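A.B. asks: Have a look at this one before I ask anything.
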Amino acid sequence: MNKLGKQLASPKIFFFTAIWLLIILVKGTLAQKDIGLYQSQEYYFSSWFIMVGGLLPLPGGRLAMAVMFINLLSKLLFSSKFSVARIGTHIAHFGGLLLLVGGFITAYYSKEGSMMLYEGDKSAFFDDYHELEIAIIDTSNPAFDEVTAFRNEYIDTGAVISDPSFPGTIKVVEYHRNADLYRLDSAVPSEFKGMAQRFYVRGKPLDSEASRNRAAMIVEVEGLSPVEDGVYIIFQHMQVPQLLNGDGRTFELSLRNARYPLPFGIELLDFEKVMHPGTMKAKSYSSEVNVMSGELKRRVEISMNQPMRNRGYTFYQASFVEGQVKEASVFAVVKNAGRQFPYWSSIIMSIGLFIHIVLRVIKHVNKGEKA
Amino acid sequence: MRNFITAMNFFETLKYSALAVSLLFVYNSHATENEARDIEEAVADSLGSLAIQDQGRIKPLDTFARASLLAFQSKSTFEHNPYRSSYERPDKSPAIWWLTRLMLDPQTAYEQKVFKIRTDEVVQSMSIPVDADEQLYSFKELGEGLNRISGTLQAINEKEPNERSRVEKQLLDLFFKTGQYLDISRSLTGVIADIDVGSDVLLEELGFEPGQKLSYFDVIQKKALIGEKLMAWSKLGDEEKRSPEGVALSNLARVLQSKMQDLSSRSFRVIPPDADHRNEDWSTPWGMLDGHTLNEWELSRMEGLKEIVALAQAGDVEGVAQKVDAYNAESYLESSIGLEVFFNKSDFFYRSLYIYILSCLLLWFSFIGFSKWLSRLSFASLAFATGLQAVGIVVRCLILGRPPVTNLYESIIFVCGIISLSSVVLEIFWRKNIAIFVGGISGVVLTFIGLRYASEGDTLGMLVAVLNDNFWLATHVLTITIGYGAAFLAGMVAHVYQVLRCGGSEWQKMSKGVFSVSLSISFVALFFVVIGTILGGIWADQSWGRFWGWDPKENGALLIALWLLIVLHGRLAGYLKPLEYAAGLGLVNITVALAWFGVNLLSVGLHNYGFDDGVATGLFAYCGIEVLFTGIVYIIGKSKEQSLKTKSA
């Protein structure tokens, strides 16, 4: 065990892994010019493997970092002799290890999305930036809506949704992450319902700006009634919801950004933008909000570089929409269990490297005196 | 200034410039009547302290003049000191003289060759004879030229921006620039007293002194009275209309009408709002003459400005200086204006360039003879240049009230300052002249590059919201730029080591110490780069909610850190012997250059500041030379090592 550990701890492993990471880094950065930041990130940096030409799997950024993690951990556990002269490097390496741990926690256990509010509006959920969901909303109870959402494997061609919350089944016939809608000229068979009577969808390549992708689905609904059963089109940012009737209830069917509930509500009171005088250059943005939990209201200002943190969620002033009458503020909402790690890591690494440098300088000076 | 261009409706501008050309001829006669006013340079100098609001900042007119002239001359050249370029010859007169003449005596200024056009095709397409020597053209020439091709311009404007050819883009750009030039030249026409009423009777009736010349501002104060008089005049019989007073009155009306063309002049914001509205937009003199009734404050500002202009025209240097100071003081300005004028005149960075060059030359001569004294002198000049640079950086911080690095230009002069400062400190402890050499060279190169970026306009710009945060500017940005500097320094010292390894036994002996120093500096570089990068992530976490987004600028910083880590661990793993290690460390300079300048070429992500075509060429050339140099020196060093080995064996 100890021997294996020592081998795993070799700086040779780091040397080659780091060179590989450097190559991915350069390639992935250059690729951003063509495929945009998000896609490049997914393909090069957040992946275990990069499939070259769809055939040859090469190690991805995440795998490289995992190897580095094992390498570092082995070094700290098995290989290091704890001498005073090297205390600085040990501390610095421990800091590096923490940084990688934080990175993995963030990659797997964080949620990021956005919330857009017009002045005076309230909300208690936020939308994921990229992940999608199929939402089936039972609107028959006037007091509340019952929402059932399907994510991950359901967002794909061939997926079948069959759930007690919905009297029929929904089959995904076609799914496109980015698609255009076209108006149909000719009449269509009677099994085409809703939007599908007048439109058809065609997939297209992903946009380099991830937020411009508009997903669309062709779905087949069965088991409701002959009138309702048929082929439907649903897509992201659809203006009018697709309604389905069955079992004496009315359902809304939609394809939308995954929506996460918050344990508290946010009400936007006022959004303010200050310009540098005589220019169109913004000096600051800020939003005044009420944070509502139950009957309690708390007034908070969220501005650029001054986020609001509440119960594990952090709200950032991200953007705004200027309207004729009312302005809307857009917040980035993040829940990240790993967010403390970089803070600790940077402190620990600075201490470690600092000690190392000081020890080196002392050694130099002593050597100089001897010589 | 740029906002003016974007805000201004295209066709409005087109009309405006057509008008300009016609005005040229109308006013020409006028100008000769008024006699050529040779405005004292000293007057211009005093005017330079007048406060103006431009691009979101209150600055001295001197800075405004420099930035404006740069915009008209050329965007990114470095053939003369951009801060001294003038209308007559480059290198001669400061920009404020040009600006003063442009506003007080536009007719002369219109014929000065101010516009730099480096593409001859652009000039030819306007049917203007090419000035092969200086590539400088006057406003008058260009105004006429652009008028000739107004149809073409309109067609270019209707095209999508990315469909325009290079010449077309430049033509359109030139068109907007001339519009802006005209705009500036008409800034003060409302307060210059150049209206000759020609009838003492009428003057007295209006409440002025006989023989007095009036400004539009003076006349418009009496607009009710003039209106009544005109109404009465229009009811007169033909004979009575032609009385001397009648003719004077109708002439006056005509002059007023033509002056009103200048109402849209809007770049010259020198009228501050009153004390209760201090943070609001400033107004232009013409903005005060748009017909609204002036309040007491506005009247006092306009009167003040009128007096300054009158004194300037009379050539009263003392008077202008006093009046400008009083005007600024009454406007409740927290005064960094004086400091900025001082900063502009001192030209710290330009002067430090000469002294860096001096330091390099002295060091070079010290190898030939008088080595002790010359190298001491060289050290002293390096220290002096560093001091100048430091003072310059501190003064900039004082003017803007923020940390020293907020844009590419500032990062260059700051890194330069850091490298020379480190070199000075290093030399004190390690007297081998090597630090002087490295510091001197980097000083020359970086100051030179920095001045090239300075030629893009006012470098003391305001910041967009996300950057407008002194805490993070002071922590992340400073740490990472110090990291750039340290990495660069480590690379340079590594190169010195490589070269020493190519030499005779004396050099070989010396190289051991150099290696050790480069190793130490590389740890310092690693410290700043790693901490700076993580601090950047933490800033991103604070403002956007994500620590790391693989944004090009972040990746650039990571690239330097990874490279340093690879080289250090390669040495630990036994793969890299000192010669290889030094070669690797030397190449860190490439990663610095890519992270610093290269990522801007990608133009994606949140971090990008400023970029133009020349940068790409320069960057690639630099990387090529770096690789070539490192490779060649490595090969020579390696063969030297072999031959030494065989000798000792």
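Letters A, B, ... go to the chains of the structure tokens in the order shown; residues in each chain start at 1; ligands are counted from 1 in the same order.
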Give me, as a tab-separated table, each residue of chain A that comes within 8 Å of chain B, together with its shortest interatomic pair and the distance in Å at one decimal, counting only C-alpha atoms, with rows ordered by chain and rising residue number.
C.D. replies:
residue	atom	partner	partner_atom	distance
A:Ser10	CA	B:Ala573	CA	7.5
A:Pro11	CA	B:Ala573	CA	5.3
A:Lys12	CA	B:Ala573	CA	5.3
A:Phe14	CA	B:His569	CA	7.3
A:Phe15	CA	B:Ile566	CA	5.4
A:Ala18	CA	B:Ile566	CA	6.2
A:Ile19	CA	B:Ile566	CA	6.8
A:Leu22	CA	B:Leu559	CA	6.6
A:Leu25	CA	B:Asn555	CA	6.8
A:Val26	CA	B:Leu559	CA	8.0
A:Thr29	CA	B:Pro552	CA	5.8
A:Leu30	CA	B:Leu602	CA	7.4
A:Gln32	CA	B:Val604	CA	7.2
A:Lys33	CA	B:Leu602	CA	6.0
A:Gly36	CA	B:Val604	CA	7.8
A:Leu37	CA	B:Asp551	CA	7.0
A:Gln41	CA	B:Trp550	CA	6.6
A:Phe45	CA	B:Trp550	CA	7.9
A:His276	CA	B:Gly56	CA	4.7
A:Pro277	CA	B:Gly56	CA	4.7
A:Gly278	CA	B:Asp281	CA	5.2
A:Thr279	CA	B:Gly56	CA	5.7
A:Met280	CA	B:Asn3	CA	7.2
A:Lys281	CA	B:Val464	CA	6.2
A:Ala282	CA	B:Val464	CA	5.5
A:Lys283	CA	B:Ala465	CA	4.5
A:Ser284	CA	B:Ala465	CA	4.6
A:Tyr285	CA	B:Ala465	CA	7.0
A:Met304	CA	B:Val466	CA	6.0
A:Asn305	CA	B:Ser543	CA	4.3
A:Gln306	CA	B:Ser543	CA	6.9
A:Pro307	CA	B:Gln542	CA	6.7
A:Thr314	CA	B:Gly545	CA	7.2
A:Phe315	CA	B:Gly545	CA	7.7
A:Tyr316	CA	B:Trp544	CA	6.0
A:Gln317	CA	B:Ser543	CA	7.5
A:Ala318	CA	B:Trp544	CA	6.6
A:Ala332	CA	B:Trp544	CA	6.8
A:Val333	CA	B:Gly545	CA	7.3
A:Val334	CA	B:Gly545	CA	6.1
A:Arg339	CA	B:Phe547	CA	7.6
A:Pro342	CA	B:Ile534	CA	6.8
A:Tyr343	CA	B:Ile538	CA	7.2
A:Ser346	CA	B:Ile531	CA	6.1
A:Met349	CA	B:Ile531	CA	7.6
A:Ser350	CA	B:Ile531	CA	6.6
A:Leu353	CA	B:Phe527	CA	6.0
A:Phe354	CA	B:Phe527	CA	7.3
A:Ile357	CA	B:Phe523	CA	6.6
A:Arg360	CA	B:Ser520	CA	7.1
A:Val361	CA	B:Ser520	CA	7.6
A.B. asks: Would you pick out the contacts of Ile337 of chain B at 8 Å or less, using only C-alpha atoms, so that residues sharing its chain but fewer than 6 positions from it are not included, and give the list as a list in words?
C.D. replies: Ser49, Ala51, Lys59, Pro60 and Ile399 of chain B
A.B. asks: Among the residues of segment 6-237 of chain A, find those DSSP assigns to helix (DSSP H, G or I) from the backbone and print them as a PyMOL selection string.
C.D. replies: chain A and resi 6-8+11-45+61-79+84-109+152-154+194-197+210-212
A.B. asks: Would you output that residue set with C-alpha atoms, as a compact mmCIF listing (two decimals), in the first residue's frame?
C.D. replies:
# COMPACT_ATOMS: atom_id res chain seq x y z
CA LYS A 6 4.55 6.53 -3.07
CA GLN A 7 4.34 5.78 -6.75
CA LEU A 8 1.04 7.61 -6.99
CA PRO A 11 5.93 14.50 -9.20
CA LYS A 12 6.25 12.79 -12.58
CA ILE A 13 2.52 12.16 -12.57
CA PHE A 14 1.87 15.80 -11.87
CA PHE A 15 4.34 16.86 -14.52
CA PHE A 16 2.59 14.99 -17.30
CA THR A 17 -0.94 15.61 -16.10
CA ALA A 18 -0.26 19.32 -15.87
CA ILE A 19 1.16 19.35 -19.39
CA TRP A 20 -1.99 17.63 -20.60
CA LEU A 21 -4.18 20.07 -18.71
CA LEU A 22 -2.21 22.92 -20.25
CA ILE A 23 -2.91 21.55 -23.71
CA ILE A 24 -6.63 21.22 -22.99
CA LEU A 25 -6.59 24.70 -21.51
CA VAL A 26 -5.14 26.28 -24.62
CA LYS A 27 -7.35 24.27 -26.95
CA GLY A 28 -10.49 24.93 -24.92
CA THR A 29 -9.78 28.64 -24.69
CA LEU A 30 -9.20 28.98 -28.41
CA ALA A 31 -12.32 26.94 -29.11
CA GLN A 32 -14.41 29.54 -27.29
CA LYS A 33 -14.12 31.84 -30.25
CA ASP A 34 -16.15 29.38 -32.32
CA ILE A 35 -18.36 27.37 -30.00
CA GLY A 36 -18.75 29.81 -27.14
CA LEU A 37 -17.90 29.63 -23.50
CA TYR A 38 -20.51 27.18 -22.25
CA GLN A 39 -20.03 24.50 -24.89
CA SER A 40 -16.26 24.67 -24.65
CA GLN A 41 -16.51 24.37 -20.88
CA GLU A 42 -18.72 21.28 -21.16
CA TYR A 43 -16.62 19.67 -23.85
CA TYR A 44 -13.08 20.31 -22.60
CA PHE A 45 -13.12 21.21 -18.95
CA GLY A 61 -10.28 18.32 -17.90
CA ARG A 62 -12.18 16.70 -15.06
CA LEU A 63 -10.21 13.46 -15.37
CA ALA A 64 -6.93 15.38 -15.43
CA MET A 65 -7.93 17.19 -12.26
CA ALA A 66 -9.02 13.96 -10.62
CA VAL A 67 -5.60 12.45 -11.36
CA MET A 68 -3.99 15.53 -9.88
CA PHE A 69 -6.15 15.13 -6.82
CA ILE A 70 -5.07 11.50 -6.27
CA ASN A 71 -1.47 12.49 -6.92
CA LEU A 72 -1.62 15.31 -4.37
CA LEU A 73 -3.47 13.25 -1.77
CA SER A 74 -0.95 10.39 -2.08
CA LYS A 75 1.87 12.87 -1.70
CA LEU A 76 0.44 14.26 1.50
CA LEU A 77 -0.43 10.83 2.91
CA PHE A 78 2.46 8.62 1.89
CA SER A 79 5.36 10.46 0.46
CA VAL A 84 11.05 21.99 8.68
CA ALA A 85 12.74 23.00 5.45
CA ARG A 86 9.78 21.77 3.44
CA ILE A 87 6.95 22.84 5.68
CA GLY A 88 6.05 25.64 3.26
CA THR A 89 5.59 23.33 0.30
CA HIS A 90 3.49 20.93 2.39
CA ILE A 91 1.15 23.68 3.41
CA ALA A 92 0.93 24.99 -0.15
CA HIS A 93 0.13 21.52 -1.48
CA PHE A 94 -2.58 21.08 1.11
CA GLY A 95 -4.08 24.35 -0.09
CA GLY A 96 -4.03 23.05 -3.65
CA LEU A 97 -5.77 19.88 -2.54
CA LEU A 98 -8.53 21.91 -0.91
CA LEU A 99 -8.98 23.89 -4.11
CA LEU A 100 -9.53 20.70 -6.10
CA VAL A 101 -11.93 19.33 -3.49
CA GLY A 102 -13.91 22.56 -3.66
CA GLY A 103 -13.94 22.32 -7.44
CA PHE A 104 -15.45 18.83 -7.36
CA ILE A 105 -18.05 19.75 -4.78
CA THR A 106 -19.04 22.76 -6.85
CA ALA A 107 -19.17 20.71 -10.03
CA TYR A 108 -21.54 18.17 -8.53
CA TYR A 109 -23.48 19.90 -5.79
CA ASN A 152 -32.28 14.57 -17.06
CA GLU A 153 -33.03 11.34 -18.92
CA TYR A 154 -36.54 12.55 -19.79
CA GLY A 194 -52.09 22.56 -30.74
CA MET A 195 -49.03 24.26 -32.21
CA ALA A 196 -48.34 21.18 -34.31
CA GLN A 197 -51.36 22.01 -36.49
CA ALA A 210 -25.69 29.28 -24.75
CA SER A 211 -28.63 31.45 -23.68
CA ARG A 212 -29.72 31.86 -27.31
A.B. asks: From the list A:Arg249, A:Lys297, A:Lys204, A:Arg198, which residue is nearest Glu146 of chain A when using only C-alpha atoms?
C.D. replies: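 Once distances to Glu146 of chain A are computed over only C-alpha atoms, the minimum belongs to A:Arg249.
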A.B. asks: Compare A:Tyr118, A:Gly248, A:Arg256, A:Ala216 by their minimum atom-to-atom distance to Asn141 of chain A, counting only C-alpha atoms, and give me the closest one.
C.D. replies: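 Comparing A:Tyr118, A:Gly248, A:Arg256, A:Ala216 against Asn141 of chain A, the winner is A:Gly248.
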A.B. asks: Going by DSSP on the backbone, which residues of segment 53-231 of chain A come out as strand (DSSP E or B)? List them as number ranges by chain.
C.D. replies: A: 56-59, 110-118, 122-138, 146-150, 160-162, 169-176, 179-183, 192, 199-203, 216-222, 230-231
A.B. asks: Give me the residues near Leu400 of chain B as a list in words, where near means some atom within 8 Å (using only C-alpha atoms) and where sequence neighbours in that chain fewer than 3 positions away do not count.
C.D. replies: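 The residues that qualify are Arg396, Cys397 and Leu460 of chain B.
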A.B. asks: Quick one: pull the distance between atom CA of Tyr137 of chain B and atom CA of Lys113 of chain B, Å, one decimal.
C.D. replies: 4.5 Å
A.B. asks: Skipping near chain neighbours, those fewer than 2 positions away, what residues fall within 9 Å of segment 321-330 of chain A using only C-alpha atoms, listed as a PyMOL selection string?
C.D. replies: chain A and resi 114-120+268+270-272+286-287+316-319+332
A.B. asks: How many Å separate atom CA of Val167 of chain B from atom CA of Glu121 of chain B?
C.D. replies: 7.0 Å
A.B. asks: Could you name the residues that touch Ala329 of chain B at 12 Å or less, counting only C-alpha atoms, but leaving out those on the same chain fewer than 2 positions away, as a ChimeraX atom specification?
C.D. replies: /B:49-51,272,275,301,304,322-327,331-338
A.B. asks: Deliver the residues from the most recent selection as a file, using C-alpha atoms, as a PDB file, in the first residue's frame.
C.D. replies:
ATOM      1  CA  SER B  49      -6.824  74.447 -16.291  1.00  0.00           C
ATOM      2  CA  LEU B  50     -10.480  75.090 -17.026  1.00  0.00           C
ATOM      3  CA  ALA B  51     -12.622  72.208 -15.762  1.00  0.00           C
ATOM      4  CA  PRO B 272     -21.351  72.868 -14.073  1.00  0.00           C
ATOM      5  CA  ALA B 275     -24.182  73.013  -5.741  1.00  0.00           C
ATOM      6  CA  ARG B 301     -21.437  80.755 -15.245  1.00  0.00           C
ATOM      7  CA  GLY B 304     -17.756  84.028 -16.266  1.00  0.00           C
ATOM      8  CA  GLN B 322      -7.013  84.268 -12.497  1.00  0.00           C
ATOM      9  CA  LYS B 323     -10.439  84.066 -14.056  1.00  0.00           C
ATOM     10  CA  VAL B 324     -10.118  80.337 -14.782  1.00  0.00           C
ATOM     11  CA  ASP B 325      -9.087  79.645 -11.202  1.00  0.00           C
ATOM     12  CA  ALA B 326     -11.976  81.714  -9.907  1.00  0.00           C
ATOM     13  CA  TYR B 327     -14.397  80.008 -12.263  1.00  0.00           C
ATOM     14  CA  SER B 331     -18.003  75.689  -9.320  1.00  0.00           C
ATOM     15  CA  TYR B 332     -17.260  73.851  -6.044  1.00  0.00           C
ATOM     16  CA  LEU B 333     -14.752  71.492  -7.576  1.00  0.00           C
ATOM     17  CA  GLU B 334     -12.717  69.232  -5.416  1.00  0.00           C
ATOM     18  CA  SER B 335      -9.549  70.164  -7.054  1.00  0.00           C
ATOM     19  CA  SER B 336      -7.525  67.445  -8.640  1.00  0.00           C
ATOM     20  CA  ILE B 337      -7.603  69.640 -11.732  1.00  0.00           C
ATOM     21  CA  GLY B 338      -4.329  71.328 -10.861  1.00  0.00           C
TER      22      GLY B 338
END
A.B. asks: Name all residues at most 7 Å from segment 168-180 of chain A (count only C-alpha atoms; drop same-chain ones fewer than 6 positions away) and give them as number ranges by chain.
C.D. replies: A: 156-162, 201-206, 213-224
A.B. asks: Write the residues of the selection above to a file with N, CA and C atoms, as a PDB file, in the first residue's frame.
C.D. replies:
ATOM      1  N   ASP A 156     -34.953  13.812 -23.743  1.00  0.00           N
ATOM      2  CA  ASP A 156     -34.256  13.159 -24.845  1.00  0.00           C
ATOM      3  C   ASP A 156     -35.265  12.448 -25.741  1.00  0.00           C
ATOM      4  N   THR A 157     -34.877  12.270 -26.988  1.00  0.00           N
ATOM      5  CA  THR A 157     -35.731  11.549 -27.927  1.00  0.00           C
ATOM      6  C   THR A 157     -35.958  10.115 -27.422  1.00  0.00           C
ATOM      7  N   GLY A 158     -37.195   9.675 -27.459  1.00  0.00           N
ATOM      8  CA  GLY A 158     -37.496   8.313 -27.039  1.00  0.00           C
ATOM      9  C   GLY A 158     -37.930   8.176 -25.590  1.00  0.00           C
ATOM     10  N   ALA A 159     -37.779   9.243 -24.793  1.00  0.00           N
ATOM     11  CA  ALA A 159     -38.177   9.152 -23.386  1.00  0.00           C
ATOM     12  C   ALA A 159     -39.697   9.019 -23.269  1.00  0.00           C
ATOM     13  N   VAL A 160     -40.138   8.254 -22.261  1.00  0.00           N
ATOM     14  CA  VAL A 160     -41.574   8.083 -22.052  1.00  0.00           C
ATOM     15  C   VAL A 160     -41.919   8.524 -20.633  1.00  0.00           C
ATOM     16  N   ILE A 161     -42.922   9.383 -20.526  1.00  0.00           N
ATOM     17  CA  ILE A 161     -43.349   9.837 -19.205  1.00  0.00           C
ATOM     18  C   ILE A 161     -44.672   9.164 -18.867  1.00  0.00           C
ATOM     19  N   SER A 162     -44.634   8.388 -17.800  1.00  0.00           N
ATOM     20  CA  SER A 162     -45.862   7.737 -17.357  1.00  0.00           C
ATOM     21  C   SER A 162     -45.827   7.852 -15.845  1.00  0.00           C
ATOM     22  N   VAL A 201     -41.008  21.845 -36.344  1.00  0.00           N
ATOM     23  CA  VAL A 201     -39.711  22.282 -35.816  1.00  0.00           C
ATOM     24  C   VAL A 201     -38.573  21.619 -36.561  1.00  0.00           C
ATOM     25  N   ARG A 202     -37.460  22.337 -36.634  1.00  0.00           N
ATOM     26  CA  ARG A 202     -36.278  21.756 -37.259  1.00  0.00           C
ATOM     27  C   ARG A 202     -35.079  22.097 -36.372  1.00  0.00           C
ATOM     28  N   GLY A 203     -34.306  21.061 -36.035  1.00  0.00           N
ATOM     29  CA  GLY A 203     -33.147  21.270 -35.170  1.00  0.00           C
ATOM     30  C   GLY A 203     -32.053  22.025 -35.893  1.00  0.00           C
ATOM     31  N   LYS A 204     -31.219  22.739 -35.118  1.00  0.00           N
ATOM     32  CA  LYS A 204     -30.067  23.407 -35.737  1.00  0.00           C
ATOM     33  C   LYS A 204     -28.895  23.356 -34.761  1.00  0.00           C
ATOM     34  N   PRO A 205     -27.675  23.658 -35.256  1.00  0.00           N
ATOM     35  CA  PRO A 205     -26.505  23.541 -34.369  1.00  0.00           C
ATOM     36  C   PRO A 205     -26.608  24.487 -33.177  1.00  0.00           C
ATOM     37  N   LEU A 206     -25.922  24.127 -32.101  1.00  0.00           N
ATOM     38  CA  LEU A 206     -25.960  24.955 -30.901  1.00  0.00           C
ATOM     39  C   LEU A 206     -25.345  26.315 -31.169  1.00  0.00           C
ATOM     40  N   ASN A 213     -29.866  29.415 -27.271  1.00  0.00           N
ATOM     41  CA  ASN A 213     -30.434  28.135 -27.698  1.00  0.00           C
ATOM     42  C   ASN A 213     -31.880  28.032 -27.237  1.00  0.00           C
ATOM     43  N   ARG A 214     -32.741  27.556 -28.131  1.00  0.00           N
ATOM     44  CA  ARG A 214     -34.130  27.388 -27.752  1.00  0.00           C
ATOM     45  C   ARG A 214     -34.517  25.943 -28.049  1.00  0.00           C
ATOM     46  N   ALA A 215     -34.760  25.197 -26.985  1.00  0.00           N
ATOM     47  CA  ALA A 215     -35.054  23.777 -27.145  1.00  0.00           C
ATOM     48  C   ALA A 215     -36.501  23.574 -27.611  1.00  0.00           C
ATOM     49  N   ALA A 216     -36.729  22.492 -28.341  1.00  0.00           N
ATOM     50  CA  ALA A 216     -38.085  22.170 -28.786  1.00  0.00           C
ATOM     51  C   ALA A 216     -38.279  20.652 -28.786  1.00  0.00           C
ATOM     52  N   MET A 217     -39.531  20.256 -28.616  1.00  0.00           N
ATOM     53  CA  MET A 217     -39.856  18.828 -28.571  1.00  0.00           C
ATOM     54  C   MET A 217     -41.121  18.560 -29.361  1.00  0.00           C
ATOM     55  N   ILE A 218     -41.136  17.400 -30.033  1.00  0.00           N
ATOM     56  CA  ILE A 218     -42.392  16.903 -30.574  1.00  0.00           C
ATOM     57  C   ILE A 218     -42.777  15.734 -29.676  1.00  0.00           C
ATOM     58  N   VAL A 219     -43.956  15.781 -29.072  1.00  0.00           N
ATOM     59  CA  VAL A 219     -44.350  14.718 -28.149  1.00  0.00           C
ATOM     60  C   VAL A 219     -45.664  14.092 -28.602  1.00  0.00           C
ATOM     61  N   GLU A 220     -45.825  12.819 -28.237  1.00  0.00           N
ATOM     62  CA  GLU A 220     -47.061  12.120 -28.567  1.00  0.00           C
ATOM     63  C   GLU A 220     -47.780  11.825 -27.253  1.00  0.00           C
ATOM     64  N   VAL A 221     -48.999  12.281 -27.137  1.00  0.00           N
ATOM     65  CA  VAL A 221     -49.764  12.081 -25.903  1.00  0.00           C
ATOM     66  C   VAL A 221     -50.806  10.988 -26.137  1.00  0.00           C
ATOM     67  N   GLU A 222     -50.879  10.039 -25.200  1.00  0.00           N
ATOM     68  CA  GLU A 222     -51.844   8.937 -25.328  1.00  0.00           C
ATOM     69  C   GLU A 222     -52.587   8.724 -24.027  1.00  0.00           C
ATOM     70  N   GLY A 223     -53.750   8.126 -24.125  1.00  0.00           N
ATOM     71  CA  GLY A 223     -54.471   7.685 -22.929  1.00  0.00           C
ATOM     72  C   GLY A 223     -55.330   8.744 -22.275  1.00  0.00           C
ATOM     73  N   LEU A 224     -55.569   9.870 -22.966  1.00  0.00           N
ATOM     74  CA  LEU A 224     -56.467  10.876 -22.377  1.00  0.00           C
ATOM     75  C   LEU A 224     -57.868  10.698 -22.951  1.00  0.00           C
TER      76      LEU A 224
END
